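One file, data-v2.tsv, is given below (TSV, C-alpha atoms and all ligand atoms).
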chain	number	residue	atom	x	y	z
A	207	MET	CA	295.44	105.28	-89.53
A	208	ILE	CA	292.48	107.42	-90.49
A	209	TYR	CA	291.60	107.12	-94.15
A	210	PHE	CA	289.36	109.97	-95.31
A	211	ASP	CA	290.25	109.66	-99.01
A	212	ASN	CA	287.58	107.25	-100.15
A	213	SER	CA	286.54	109.29	-103.19
A	214	ALA	CA	290.05	108.74	-104.57
A	215	THR	CA	289.88	105.03	-103.92
A	216	THR	CA	288.65	102.63	-101.28
A	217	PHE	CA	290.35	99.75	-99.51
A	218	VAL	CA	289.57	96.27	-100.79
A	219	SER	CA	286.93	94.48	-98.73
A	220	GLU	CA	287.36	90.97	-97.31
A	221	ALA	CA	284.52	89.69	-99.49
A	222	VAL	CA	286.26	90.98	-102.60
A	223	ARG	CA	289.58	89.42	-101.57
A	224	ALA	CA	287.86	86.07	-100.98
A	225	LYS	CA	286.03	86.27	-104.31
A	226	ILE	CA	289.26	87.01	-106.18
A	227	LEU	CA	290.91	83.98	-104.60
A	228	GLU	CA	287.94	81.80	-105.52
A	229	LEU	CA	287.88	83.04	-109.12
A	230	THR	CA	291.58	82.53	-109.73
A	231	ASP	CA	291.23	78.79	-109.17
A	232	ASP	CA	292.42	76.71	-112.16
A	233	THR	CA	288.96	75.18	-112.59
A	234	VAL	CA	287.43	78.55	-113.50
A	235	SER	CA	290.40	80.26	-115.14
A	236	ALA	CA	289.97	79.17	-118.76
A	237	ASN	CA	289.24	81.67	-121.51
A	238	PRO	CA	285.45	82.21	-121.62
A	239	GLY	CA	285.79	82.18	-125.42
A	240	SER	CA	287.31	78.67	-125.54
A	241	LEU	CA	285.14	75.89	-126.93
A	242	HIS	CA	286.12	73.16	-124.48
A	243	LYS	CA	284.21	72.49	-121.30
A	244	LEU	CA	286.51	74.60	-119.14
A	245	GLY	CA	285.87	77.55	-121.48
A	246	THR	CA	282.14	76.92	-121.35
A	247	LYS	CA	282.29	76.87	-117.55
A	248	ALA	CA	284.17	80.19	-117.49
A	249	ALA	CA	281.68	81.71	-119.96
A	250	GLU	CA	278.73	80.57	-117.85
A	251	LEU	CA	280.37	81.97	-114.76
A	252	TYR	CA	280.95	85.30	-116.50
A	253	GLU	CA	277.40	85.54	-117.77
A	254	GLY	CA	276.11	84.71	-114.28
A	255	ILE	CA	278.19	87.57	-112.85
A	256	ARG	CA	276.84	89.88	-115.53
A	257	LYS	CA	273.26	88.84	-114.80
A	258	ASP	CA	273.64	89.44	-111.04
A	259	THR	CA	275.38	92.78	-111.62
A	260	ALA	CA	272.59	93.86	-113.96
A	261	SER	CA	269.96	92.78	-111.48
A	262	LEU	CA	271.54	94.78	-108.60
A	263	LEU	CA	271.68	97.87	-110.83
A	264	GLY	CA	268.13	97.41	-112.08
A	265	ALA	CA	269.27	96.80	-115.65
A	266	LYS	CA	268.88	94.07	-118.25
A	267	ASN	CA	271.81	91.66	-118.72
A	268	GLU	CA	272.50	92.87	-122.23
A	269	GLU	CA	272.74	96.48	-121.03
A	270	ILE	CA	275.80	95.79	-118.82
A	271	PHE	CA	279.39	95.72	-120.10
A	272	PHE	CA	282.51	95.23	-118.01
A	273	THR	CA	285.36	97.67	-118.61
A	274	SER	CA	288.70	98.39	-116.96
A	275	CYS	CA	287.55	101.55	-115.15
A	276	ALA	CA	285.00	104.34	-115.25
A	277	THR	CA	287.31	106.40	-117.45
A	278	GLU	CA	287.07	103.70	-120.09
A	279	SER	CA	283.29	103.55	-119.63
A	280	ALA	CA	283.07	107.33	-120.12
A	281	ASN	CA	285.27	107.24	-123.24
A	282	THR	CA	283.23	104.40	-124.73
A	283	ALA	CA	279.92	106.11	-124.01
A	284	ILE	CA	280.77	109.64	-125.07
A	285	LYS	CA	283.00	109.02	-128.08
A	286	GLY	CA	281.08	105.90	-129.08
A	287	TYR	CA	277.72	107.65	-129.03
A	288	MET	CA	278.89	110.60	-131.08
A	289	SER	CA	280.70	108.38	-133.56
A	290	ARG	CA	277.67	106.13	-134.11
A	291	ASN	CA	274.95	108.80	-134.15
A	292	LYS	CA	276.34	111.39	-136.54
A	293	ARG	CA	272.93	112.52	-137.64
A	294	ALA	CA	271.69	113.13	-134.08
A	295	GLY	CA	273.31	116.57	-134.00
A	296	ASN	CA	276.67	118.29	-133.80
A	297	ALA	CA	276.46	119.59	-130.24
A	298	VAL	CA	277.14	118.11	-126.81
A	299	ILE	CA	276.15	119.83	-123.59
A	300	SER	CA	277.78	119.40	-120.24
A	301	THR	CA	279.27	121.45	-117.39
A	302	ARG	CA	282.85	122.48	-116.68
A	303	THR	CA	282.70	120.72	-113.30
A	304	GLU	CA	282.69	117.20	-114.74
A	305	HIS	CA	285.46	114.75	-113.96
A	306	LYS	CA	288.39	114.81	-116.39
A	307	ALA	CA	287.20	111.46	-117.77
A	308	THR	CA	284.31	113.40	-119.32
A	309	LEU	CA	286.01	116.75	-119.93
A	310	GLU	CA	288.89	115.23	-121.92
A	311	CYS	CA	286.45	113.29	-124.12
A	312	LEU	CA	284.61	116.54	-124.79
A	313	GLU	CA	287.89	118.27	-125.61
A	314	TYR	CA	288.67	115.44	-128.03
A	315	LEU	CA	285.25	115.80	-129.66
A	316	SER	CA	285.71	119.54	-129.99
A	317	LYS	CA	288.96	118.92	-131.89
A	318	LEU	CA	286.97	116.69	-134.25
A	319	GLY	CA	284.67	119.63	-134.94
A	320	TYR	CA	281.81	119.00	-132.53
A	321	GLU	CA	280.38	121.96	-130.66
A	322	ILE	CA	280.62	121.62	-126.89
A	323	ARG	CA	278.22	123.85	-124.98
A	324	TYR	CA	278.84	124.28	-121.27
A	325	VAL	CA	275.90	124.88	-118.96
A	326	LYS	CA	276.61	127.27	-116.06
A	327	VAL	CA	276.72	125.86	-112.54
A	328	GLY	CA	275.53	127.67	-109.42
A	329	PRO	CA	277.37	128.07	-106.09
A	330	ASP	CA	275.85	124.72	-105.06
A	331	GLY	CA	277.64	123.09	-108.01
A	332	LYS	CA	274.36	122.24	-109.74
A	333	PRO	CA	273.62	123.15	-113.37
A	334	VAL	CA	271.56	126.32	-113.65
A	335	ILE	CA	268.28	125.26	-115.27
A	336	GLU	CA	267.87	128.50	-117.30
A	337	SER	CA	271.35	128.00	-118.73
A	338	LEU	CA	270.53	124.37	-119.57
A	339	GLU	CA	267.32	125.48	-121.30
A	340	GLU	CA	269.20	128.13	-123.23
A	341	GLU	CA	271.79	125.65	-124.52
A	342	LEU	CA	269.14	123.06	-125.42
A	343	ASN	CA	267.03	125.64	-127.24
A	344	LYS	CA	269.91	126.39	-129.60
A	345	GLY	CA	269.13	122.94	-131.06
A	346	GLY	CA	271.25	120.14	-132.51
A	347	VAL	CA	272.16	118.58	-129.14
A	348	ALA	CA	272.99	114.91	-129.64
A	349	LEU	CA	274.28	114.19	-126.16
A	350	ALA	CA	274.12	115.63	-122.63
A	351	CYS	CA	276.80	114.59	-120.11
A	352	PHE	CA	276.41	115.05	-116.38
A	353	THR	CA	277.66	113.65	-113.07
A	354	LEU	CA	275.29	112.38	-110.41
A	355	VAL	CA	277.58	113.16	-107.46
A	356	ASN	CA	280.53	115.49	-107.85
A	357	ASN	CA	283.74	113.87	-106.66
A	358	GLU	CA	285.21	117.04	-105.16
A	359	THR	CA	282.26	118.54	-103.33
A	360	GLY	CA	279.62	115.81	-103.07
A	361	SER	CA	277.13	118.09	-104.84
A	362	VAL	CA	274.18	115.97	-105.99
A	363	LEU	CA	272.76	116.57	-109.46
A	364	PRO	CA	268.97	117.09	-109.43
A	365	PHE	CA	268.85	114.40	-112.10
A	366	GLY	CA	265.05	114.11	-112.25
A	367	GLU	CA	264.72	117.79	-113.09
A	368	ILE	CA	267.67	117.74	-115.50
A	369	SER	CA	266.49	114.71	-117.47
A	370	LYS	CA	262.92	116.08	-117.58
A	371	THR	CA	264.22	119.37	-119.00
A	372	VAL	CA	266.43	117.63	-121.55
A	373	LYS	CA	263.65	115.31	-122.71
A	374	ALA	CA	261.08	118.13	-122.85
A	375	LEU	CA	263.18	120.54	-124.90
A	376	SER	CA	265.23	118.08	-126.92
A	377	PRO	CA	263.61	114.61	-126.89
A	378	SER	CA	266.23	113.01	-129.12
A	379	THR	CA	269.18	114.03	-126.91
A	380	ALA	CA	270.80	111.03	-125.22
A	381	ILE	CA	272.00	111.36	-121.64
A	382	TYR	CA	275.30	110.04	-120.28
A	383	LEU	CA	275.56	110.04	-116.50
A	384	ASP	CA	278.71	109.53	-114.45
A	385	CYS	CA	277.50	107.52	-111.44
A	386	VAL	CA	280.93	106.75	-109.99
A	387	GLN	CA	280.61	108.57	-106.67
A	388	ALA	CA	276.94	107.71	-106.24
A	389	LEU	CA	277.16	103.94	-106.40
A	390	GLY	CA	276.44	102.31	-103.06
A	391	LYS	CA	275.73	105.69	-101.51
A	392	MET	CA	272.29	106.33	-102.92
A	393	PRO	CA	269.77	103.94	-104.47
A	394	ILE	CA	270.22	103.51	-108.23
A	395	ASN	CA	267.70	101.68	-110.36
A	396	LEU	CA	268.73	102.03	-113.98
A	397	SER	CA	265.45	100.78	-115.45
A	398	SER	CA	263.55	103.80	-114.15
A	399	PHE	CA	266.42	106.25	-114.08
A	400	GLY	CA	266.17	108.13	-117.35
A	401	ALA	CA	269.84	107.90	-118.33
A	402	ASP	CA	270.86	106.27	-121.62
A	403	MET	CA	274.43	105.47	-120.60
A	404	CYS	CA	276.09	105.34	-117.18
A	405	SER	CA	279.56	104.66	-115.85
A	406	PHE	CA	280.62	102.95	-112.63
A	407	SER	CA	283.97	102.16	-111.06
A	408	GLY	CA	284.87	99.16	-108.90
A	409	HIS	CA	287.69	100.70	-106.90
A	410	LYS	CA	285.36	103.35	-105.44
A	411	ILE	CA	283.20	100.64	-103.85
A	412	HIS	CA	285.87	98.48	-102.20
A	413	SER	CA	286.77	96.36	-105.20
A	414	VAL	CA	290.28	96.29	-106.65
A	415	LYS	CA	291.39	98.75	-109.34
A	416	GLY	CA	290.97	97.64	-112.93
A	417	ASN	CA	287.22	97.03	-113.12
A	418	GLY	CA	284.37	99.26	-114.17
A	419	VAL	CA	280.95	98.96	-115.70
A	420	LEU	CA	279.29	100.67	-118.62
A	421	TYR	CA	275.51	100.67	-118.85
A	422	VAL	CA	274.03	101.21	-122.29
A	423	LYS	CA	270.24	101.26	-122.38
A	424	LYS	CA	268.67	98.77	-124.77
A	425	GLY	CA	268.14	100.40	-128.15
A	426	VAL	CA	270.92	102.99	-127.71
A	427	ARG	CA	273.58	102.37	-130.35
A	428	ILE	CA	277.23	103.22	-129.78
A	429	ASP	CA	280.48	102.37	-131.55
A	430	PRO	CA	282.94	100.36	-129.47
A	431	LEU	CA	286.14	102.01	-128.28
A	432	ILE	CA	288.16	98.80	-128.17
A	433	LEU	CA	288.14	96.61	-131.25
A	434	GLY	CA	289.32	93.04	-131.48
A	435	GLY	CA	287.82	89.62	-130.92
A	436	GLY	CA	284.28	90.93	-130.53
A	437	GLN	CA	283.78	89.89	-126.90
A	438	GLN	CA	280.85	91.35	-124.93
A	439	GLU	CA	278.73	91.50	-128.09
A	440	GLY	CA	281.45	93.51	-129.80
A	441	MET	CA	280.99	96.40	-127.39
A	442	ARG	CA	284.28	95.79	-125.61
A	443	SER	CA	286.76	93.41	-127.14
A	444	GLY	CA	289.42	91.71	-125.05
A	445	THR	CA	289.23	88.44	-123.16
A	446	GLN	CA	286.63	88.75	-120.46
A	447	SER	CA	287.87	88.56	-116.87
A	448	PRO	CA	285.51	86.67	-114.57
A	449	VAL	CA	287.91	87.59	-111.74
A	450	LEU	CA	287.55	91.35	-112.19
A	451	ALA	CA	283.86	91.20	-113.03
A	452	GLY	CA	283.36	88.94	-110.00
A	453	ALA	CA	285.29	91.36	-107.80
A	454	PHE	CA	283.03	94.19	-108.97
A	455	LEU	CA	279.94	92.12	-108.22
A	456	ALA	CA	281.17	91.12	-104.76
A	457	ALA	CA	281.77	94.79	-103.93
A	458	LEU	CA	278.44	95.83	-105.43
A	459	LYS	CA	276.58	93.24	-103.35
A	460	GLU	CA	278.10	94.63	-100.18
A	461	VAL	CA	277.44	98.30	-100.90
A	462	SER	CA	273.94	97.65	-102.21
A	463	SER	CA	272.70	96.61	-98.79
A	464	GLY	CA	272.18	99.02	-95.93
A	465	ILE	CA	272.56	102.12	-98.12
A	466	GLU	CA	270.26	104.19	-95.91
A	467	GLU	CA	271.86	103.15	-92.61
A	468	ALA	CA	275.35	103.82	-93.98
A	469	ALA	CA	274.26	107.23	-95.27
A	470	ALA	CA	272.71	108.13	-91.91
A	471	LYS	CA	275.89	107.18	-90.05
A	472	THR	CA	278.01	109.13	-92.52
A	473	ALA	CA	275.69	112.12	-92.24
A	474	GLU	CA	276.34	112.19	-88.47
A	475	ILE	CA	280.10	112.15	-89.03
A	476	ASN	CA	279.76	114.84	-91.67
A	477	ALA	CA	277.57	117.08	-89.51
A	478	TYR	CA	279.98	116.74	-86.59
A	479	LEU	CA	282.98	117.66	-88.75
A	480	ARG	CA	281.14	120.54	-90.41
A	481	LYS	CA	280.33	122.07	-87.07
A	482	GLU	CA	283.70	121.48	-85.43
A	483	LEU	CA	285.64	122.76	-88.44
A	484	ALA	CA	283.41	125.82	-88.89
A	485	ASP	CA	283.96	126.59	-85.17
A	486	ARG	CA	287.68	126.66	-86.00
A	487	ASP	CA	287.14	129.20	-88.77
A	488	ALA	CA	287.44	126.72	-91.61
A	489	ILE	CA	285.20	127.40	-94.60
A	490	ILE	CA	282.93	124.54	-95.62
A	491	LEU	CA	282.80	124.36	-99.40
A	492	SER	CA	280.52	121.36	-99.88
A	493	PRO	CA	276.91	122.52	-100.25
A	494	GLU	CA	274.52	121.90	-97.34
A	495	ASP	CA	272.61	119.29	-99.33
A	496	ALA	CA	275.70	117.49	-100.65
A	497	LEU	CA	276.02	113.75	-100.27
A	498	PRO	CA	277.50	113.26	-96.77
A	499	TYR	CA	280.34	111.12	-98.10
A	500	VAL	CA	282.29	114.17	-99.28
A	501	LEU	CA	283.26	117.19	-97.22
A	502	ASN	CA	285.30	119.87	-98.93
A	503	VAL	CA	286.78	122.34	-96.49
A	504	SER	CA	289.17	125.26	-96.75
A	505	PHE	CA	291.54	125.70	-93.80
A	506	LYS	CA	292.56	129.27	-93.06
A	507	GLY	CA	296.31	129.80	-93.20
A	508	PHE	CA	297.13	126.44	-94.75
A	509	GLU	CA	297.53	125.74	-98.43
A	510	SER	CA	295.83	122.48	-99.38
A	511	GLU	CA	299.00	120.51	-99.79
A	512	THR	CA	300.50	121.78	-96.54
A	513	MET	CA	297.44	120.62	-94.61
A	514	LEU	CA	297.48	117.28	-96.44
A	515	HIS	CA	301.09	116.69	-95.35
A	516	CYS	CA	300.49	117.94	-91.80
A	517	LEU	CA	297.66	115.42	-91.43
A	518	GLU	CA	299.83	112.73	-92.96
A	519	ILE	CA	302.25	113.09	-90.04
A	520	TYR	CA	299.41	111.78	-87.86
A	521	ASP	CA	298.63	108.94	-90.29
A	522	ILE	CA	295.53	110.75	-91.53
A	523	TYR	CA	294.88	110.69	-95.28
A	524	VAL	CA	292.86	113.22	-97.27
A	525	SER	CA	292.99	114.74	-100.78
A	526	THR	CA	293.63	118.13	-102.23
A	527	VAL	CA	291.91	118.45	-105.63
A	528	SER	CA	290.80	115.13	-107.14
A	529	ALA	CA	293.66	112.61	-106.98
A	530	CYS	CA	293.88	112.19	-110.76
A	531	SER	CA	294.94	115.80	-111.24
A	532	SER	CA	296.45	116.63	-107.86
A	533	LYS	CA	300.02	116.06	-109.01
A	534	ALA	CA	299.64	119.02	-111.34
A	535	LYS	CA	299.33	121.26	-108.23
A	536	LYS	CA	296.36	123.09	-109.62
A	537	VAL	CA	293.65	124.86	-107.73
A	538	SER	CA	290.43	122.91	-108.13
A	539	TYR	CA	288.63	123.87	-111.34
A	540	VAL	CA	285.43	122.49	-109.83
A	541	LEU	CA	285.56	124.98	-106.95
A	542	LEU	CA	286.55	127.88	-109.22
A	543	GLU	CA	283.68	127.09	-111.61
A	544	SER	CA	281.28	127.05	-108.65
A	545	GLY	CA	282.37	130.60	-107.82
A	546	VAL	CA	284.70	129.87	-104.90
A	547	ASP	CA	287.37	132.54	-104.39
A	548	ARG	CA	290.80	131.40	-105.69
A	549	LYS	CA	292.50	131.96	-102.32
A	550	VAL	CA	289.85	129.95	-100.51
A	551	ALA	CA	290.04	127.21	-103.16
A	552	ALA	CA	293.83	127.09	-102.80
A	553	ASN	CA	293.36	125.98	-99.18
A	554	ALA	CA	290.71	123.37	-99.94
A	555	VAL	CA	291.02	119.82	-98.70
A	556	ARG	CA	288.61	117.03	-99.50
A	557	LEU	CA	287.62	114.60	-96.78
A	558	SER	CA	285.80	111.63	-98.24
A	559	PHE	CA	284.27	108.83	-96.25
A	560	SER	CA	283.21	105.27	-96.72
A	561	ARG	CA	280.55	103.39	-94.81
A	562	TYR	CA	283.33	101.96	-92.64
A	563	ASN	CA	284.53	105.27	-91.18
A	564	THR	CA	283.56	105.98	-87.58
A	565	MET	CA	282.71	108.91	-85.33
A	566	GLU	CA	285.79	108.09	-83.23
A	567	GLU	CA	287.93	108.74	-86.29
A	568	ALA	CA	286.17	112.06	-86.84
A	569	GLU	CA	286.85	113.07	-83.22
A	570	GLU	CA	290.49	112.06	-83.53
A	571	PHE	CA	290.68	114.07	-86.76
A	572	ILE	CA	289.50	117.21	-84.95
A	573	ARG	CA	291.99	116.68	-82.11
A	574	ARG	CA	294.77	116.44	-84.68
A	575	VAL	CA	293.60	119.56	-86.50
A	576	ASP	CA	293.81	121.41	-83.18
A	577	GLU	CA	297.35	120.16	-82.68
A	578	ILE	CA	298.32	121.21	-86.19
A	579	TYR	CA	296.92	124.70	-85.61
A	580	GLU	CA	298.78	124.94	-82.31
A	581	GLN	CA	302.08	123.70	-83.69
A	582	PHE	CA	302.23	125.30	-87.08
A	583	LEU	CA	300.04	128.35	-87.17
A	584	LEU	CA	300.52	130.18	-83.94
A	585	LYS	CA	304.33	130.23	-84.02
B	1	LIG	N1	284.19	109.98	-112.49
B	1	LIG	C1	284.29	110.38	-111.22
B	1	LIG	C2	283.23	111.27	-110.66
B	1	LIG	C3	285.38	109.99	-110.43
B	1	LIG	O1	285.47	110.41	-109.16
B	1	LIG	C4	286.37	109.15	-111.01
B	1	LIG	C5	287.58	108.79	-110.24
B	1	LIG	O2	288.12	109.60	-109.50
B	1	LIG	C6	286.20	108.75	-112.34
B	1	LIG	C7	285.10	109.17	-113.05
B	1	LIG	C8	287.21	107.84	-113.00
B	1	LIG	O3	287.15	106.55	-112.42
B	1	LIG	P1	288.25	105.47	-112.71
B	1	LIG	O4	289.36	105.71	-111.75
B	1	LIG	O5	287.56	104.16	-112.46
B	1	LIG	O6	288.66	105.61	-114.11
Output the structure of this file as structure tokens.
Ligand code: PLP
Amino acid sequence: MIYFDNSATTFVSEAVRAKILELTDDTVSANPGSLHKLGTKAAELYEGIRKDTASLLGAKNEEIFFTSCATESANTAIKGYMSRNKRAGNAVISTRTEHKATLECLEYLSKLGYEIRYVKVGPDGKPVIESLEEELNKGGVALACFTLVNNETGSVLPFGEISKTVKALSPSTAIYLDCVQALGKMPINLSSFGADMCSFSGHKIHSVKGNGVLYVKKGVRIDPLILGGGQQEGMRSGTQSPVLAGAFLAALKEVSSGIEEAAAKTAEINAYLRKELADRDAIILSPEDALPYVLNVSFKGFESETMLHCLEIYDIYVSTVSACSSKAKKVSYVLLESGVDRKVAANAVRLSFSRYNTMEEAEEFIRRVDEIYEQFLLK
């Protein structure tokens, strides 16, 4: 099997499996909110996991909250910020190439009467600075929402430039950053980052599904999305799960080491595939300076889904548009917004790698593409 669909989800690592087994032991399975000694032990364990997670992300303990997924983190950050900071302004700025986790929150806010202003993106998928300046200069911007690495193209946000522009033209605007596809693939130190809120997802870094993290910078006030027993300082009610938080931490530990070496290896695989596919008349849609973990490519003569199923015959797995919306059989809105021709976008396939993919797999992939072209196209 060749699994090139790591932006959709990753396989669970051995370390995560082992950690889950360890943390489901009866001795650590009490409710962290219980007053007896087993509860105290579970609470200590949970706080220890939180502390280590915060430390690996360069954050303070009290800035880290465990959620069920990045979608929940995004909902909490975006809706919670706007709900809590009504006097900060009535406008939110973002781009139309965000993940649905952000776009649907913005749609929800617009129905509540907030003004959503979309900044234009260029062919490289990055926000156009003049357009950002224009939207900021209209005033009243409470929140800016961006994504560090686009999940469909790998386009990397020039976050330094963006945050500098936001802070210069609208100092009171808070910034929410989706860091889902960046985690473990580029260094992230939240203390010096410049974002006020960030979301992360465990299942994109070889943890199981069902665990995410929300970072809220100290001093930033947001309303909770989930109300109840007041766990996690009232930010996210619901009995804490040391198992899921521990699984996230185990995965984070693994992907936090050797980031540069893994990126260099992936860059080699990416460069090889770019060249070989371009030689076969495929159109490379990921920008040149995209993160090497994502390669979006349009195959001539094959609609996205046809190519996906052809590859599947050979036990090779890729995506069409992002997995969350692929069942709707839509052409990628991210590619269309970046100016890609609809026909080219309709043939786009996303290859996405993890640090565990190899050059041998890339070579095998190309051999199979050749076979597919021979069998299906030339007849
Ligand atoms: N943001 C980005 C960029 C993503 O790629 C994804 C998942 O595809 C999400 C958010 C949502 O993550 P989760 O599945 O943890 O809700």
Worksheet item: Taking into account all atoms listed in the file, which residue in the set A:Ala401, A:Val222, A:Ala307, A:Ile490 is nearest to ligand LIG 1 (chain B)?
Response: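 For ligand LIG 1 (chain B), the nearest of the candidates is A:Ala307.
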Give me the chain A side of the contact with ligand LIG 1 (chain B), cut-off 8 Å, one line per residue showing its nearest atom pair and distance in Å at one decimal, counting only C-alpha atoms and all ligand atoms, sorted by chain and residue number, as a tab-separated table.
residue	atom	partner	partner_atom	distance
A:Ser213	CA	B:LIG1	O1	6.2
A:Ala214	CA	B:LIG1	O2	5.4
A:Thr215	CA	B:LIG1	O2	7.4
A:Ser274	CA	B:LIG1	O5	7.4
A:Cys275	CA	B:LIG1	O5	3.7
A:Ala276	CA	B:LIG1	O5	3.8
A:Thr277	CA	B:LIG1	O6	3.7
A:Glu278	CA	B:LIG1	O6	6.5
A:Ser279	CA	B:LIG1	O6	8.0
A:Ala280	CA	B:LIG1	C7	7.6
A:Glu304	CA	B:LIG1	C2	7.2
A:His305	CA	B:LIG1	N1	5.2
A:Lys306	CA	B:LIG1	C7	7.3
A:Ala307	CA	B:LIG1	C7	5.7
A:Thr308	CA	B:LIG1	C7	7.6
A:Thr353	CA	B:LIG1	C2	6.5
A:Val355	CA	B:LIG1	C2	6.8
A:Asn356	CA	B:LIG1	C2	5.7
A:Asn357	CA	B:LIG1	O1	4.6
A:Glu358	CA	B:LIG1	O1	7.7
A:Asp384	CA	B:LIG1	N1	5.8
A:Cys385	CA	B:LIG1	C2	6.9
A:Val386	CA	B:LIG1	C1	5.1
A:Gln387	CA	B:LIG1	C2	5.5
A:Ser405	CA	B:LIG1	C7	7.7
A:Phe406	CA	B:LIG1	O5	7.0
A:Ser407	CA	B:LIG1	O5	4.3
A:Gly408	CA	B:LIG1	O5	6.7
A:His409	CA	B:LIG1	O5	6.5
A:Lys410	CA	B:LIG1	O5	7.4
A:Lys415	CA	B:LIG1	O5	7.3
A:Gly416	CA	B:LIG1	O5	7.4
A:Asn417	CA	B:LIG1	O5	7.2
A:Gly418	CA	B:LIG1	O5	6.1
A:Ser528	CA	B:LIG1	O2	6.6
A:Ala529	CA	B:LIG1	O2	6.8
A:Cys530	CA	B:LIG1	O2	6.4
Fill in: One-decimal distance in Å that lies between atom CA of A:Asp547 and atom CA of A:Ala496
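Interatomic distance here is 19.4 Å.
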Worksheet item: Between A:Glu543, A:Glu511, A:Glu220, A:Asp576, which is the closest to A:Lys332 once you count all atoms listed in the file?
Response: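 Using all atoms listed in the file, the shortest distance to A:Lys332 belongs to A:Glu543.
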Worksheet entry | Distance criterion (only C-alpha atoms): nearest to A:Thr259 out of A:Tyr421, A:Phe210, A:Phe365, A:Tyr562 |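 Closest residue, counting only C-alpha atoms: A:Tyr421.
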Practice prompt. Up to 8 Å from (274.9, 125.4, -116.1) in the file's coordinates: name the residues, counting all atoms listed in the file, as a ChimeraX atom specification.
Written response: /A:300-301,324-328,332-338
Practice prompt. Using only C-alpha atoms, determine which residues lie at most 7 Å from A:Ser504, disregarding the query and same-chain residues fewer than 4 positions distant; provide the list as a VMD selection string.
Written response: chain A and resid 488 to 491 550 to 551 553 to 555
Worksheet item: With all atoms listed in the file as the atoms that count, which of A:Glu474, A:Glu340, A:Asp521, A:Glu268 lies nearest to A:Leu420?
Response: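 Going through A:Glu474, A:Glu340, A:Asp521, A:Glu268 one by one, the smallest distance to A:Leu420 is for A:Glu268.
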Worksheet entry | Length of the atom CA of A:Gly319 to atom CA of A:Ala297 vector [Å] | 9.5 Å
Discussion item. Rounded to one decimal, what separation in Å do you get between atom CA of A:Ile519 and atom CA of A:Gly507?
Written reply: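 Atom CA of A:Ile519 sits 18.0 Å away from atom CA of A:Gly507.
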Worksheet item: Once you count all atoms listed in the file, which residues end up no further than 10 Å from (290.0, 121.5, -83.0) in the file's frame, shown as an NGL selection string?
Response: :A and (479 or 482-486 or 569-580)
Worksheet item: With all atoms listed in the file as the atoms that count, which of A:Pro364, A:Cys516, A:Thr230, A:Ser376 lies nearest to A:Phe582?
Response: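 With all atoms listed in the file as the atom set, the closest residue is A:Cys516.
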Discussion item. Ranking A:Glu321, A:Asp402, A:Glu518, A:Asp495 by minimum distance to A:Phe352 and counting only C-alpha atoms, which one comes first?
Written reply: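 That would be A:Asp402, the residue with the smallest distance to A:Phe352.
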What are the centre and edge lengths in Å, to one decimal, of the axis-aligned box around all listed atoms of stretch 348-361 of chain A with 4 Å added on each side, as AutoDock Vina command-line options?
--center_x 279.1 --center_y 115.5 --center_z -116.4 --size_x 20.2 --size_y 14.2 --size_z 34.6
Worksheet entry | stretch 556-559 of chain A environment, 9 Å, only C-alpha atoms, sequence neighbours closer than 2 positions dropped, as a ChimeraX atom specification | /A:209-214,357-360,472,475-476,498-504,523-528,554,561-563
Could you write out that same residue set with C-alpha atoms as a CSV table (one decimal), in the coordinates of the input?
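The result, written out as part_13.csv:
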chain,number,residue,atom,x,y,z
A,209,TYR,CA,291.6,107.1,-94.2
A,210,PHE,CA,289.4,110.0,-95.3
A,211,ASP,CA,290.2,109.7,-99.0
A,212,ASN,CA,287.6,107.2,-100.2
A,213,SER,CA,286.5,109.3,-103.2
A,214,ALA,CA,290.0,108.7,-104.6
A,357,ASN,CA,283.7,113.9,-106.7
A,358,GLU,CA,285.2,117.0,-105.2
A,359,THR,CA,282.3,118.5,-103.3
A,360,GLY,CA,279.6,115.8,-103.1
A,472,THR,CA,278.0,109.1,-92.5
A,475,ILE,CA,280.1,112.2,-89.0
A,476,ASN,CA,279.8,114.8,-91.7
A,498,PRO,CA,277.5,113.3,-96.8
A,499,TYR,CA,280.3,111.1,-98.1
A,500,VAL,CA,282.3,114.2,-99.3
A,501,LEU,CA,283.3,117.2,-97.2
A,502,ASN,CA,285.3,119.9,-98.9
A,503,VAL,CA,286.8,122.3,-96.5
A,504,SER,CA,289.2,125.3,-96.8
A,523,TYR,CA,294.9,110.7,-95.3
A,524,VAL,CA,292.9,113.2,-97.3
A,525,SER,CA,293.0,114.7,-100.8
A,526,THR,CA,293.6,118.1,-102.2
A,527,VAL,CA,291.9,118.4,-105.6
A,528,SER,CA,290.8,115.1,-107.1
A,554,ALA,CA,290.7,123.4,-99.9
A,561,ARG,CA,280.6,103.4,-94.8
A,562,TYR,CA,283.3,102.0,-92.6
A,563,ASN,CA,284.5,105.3,-91.2
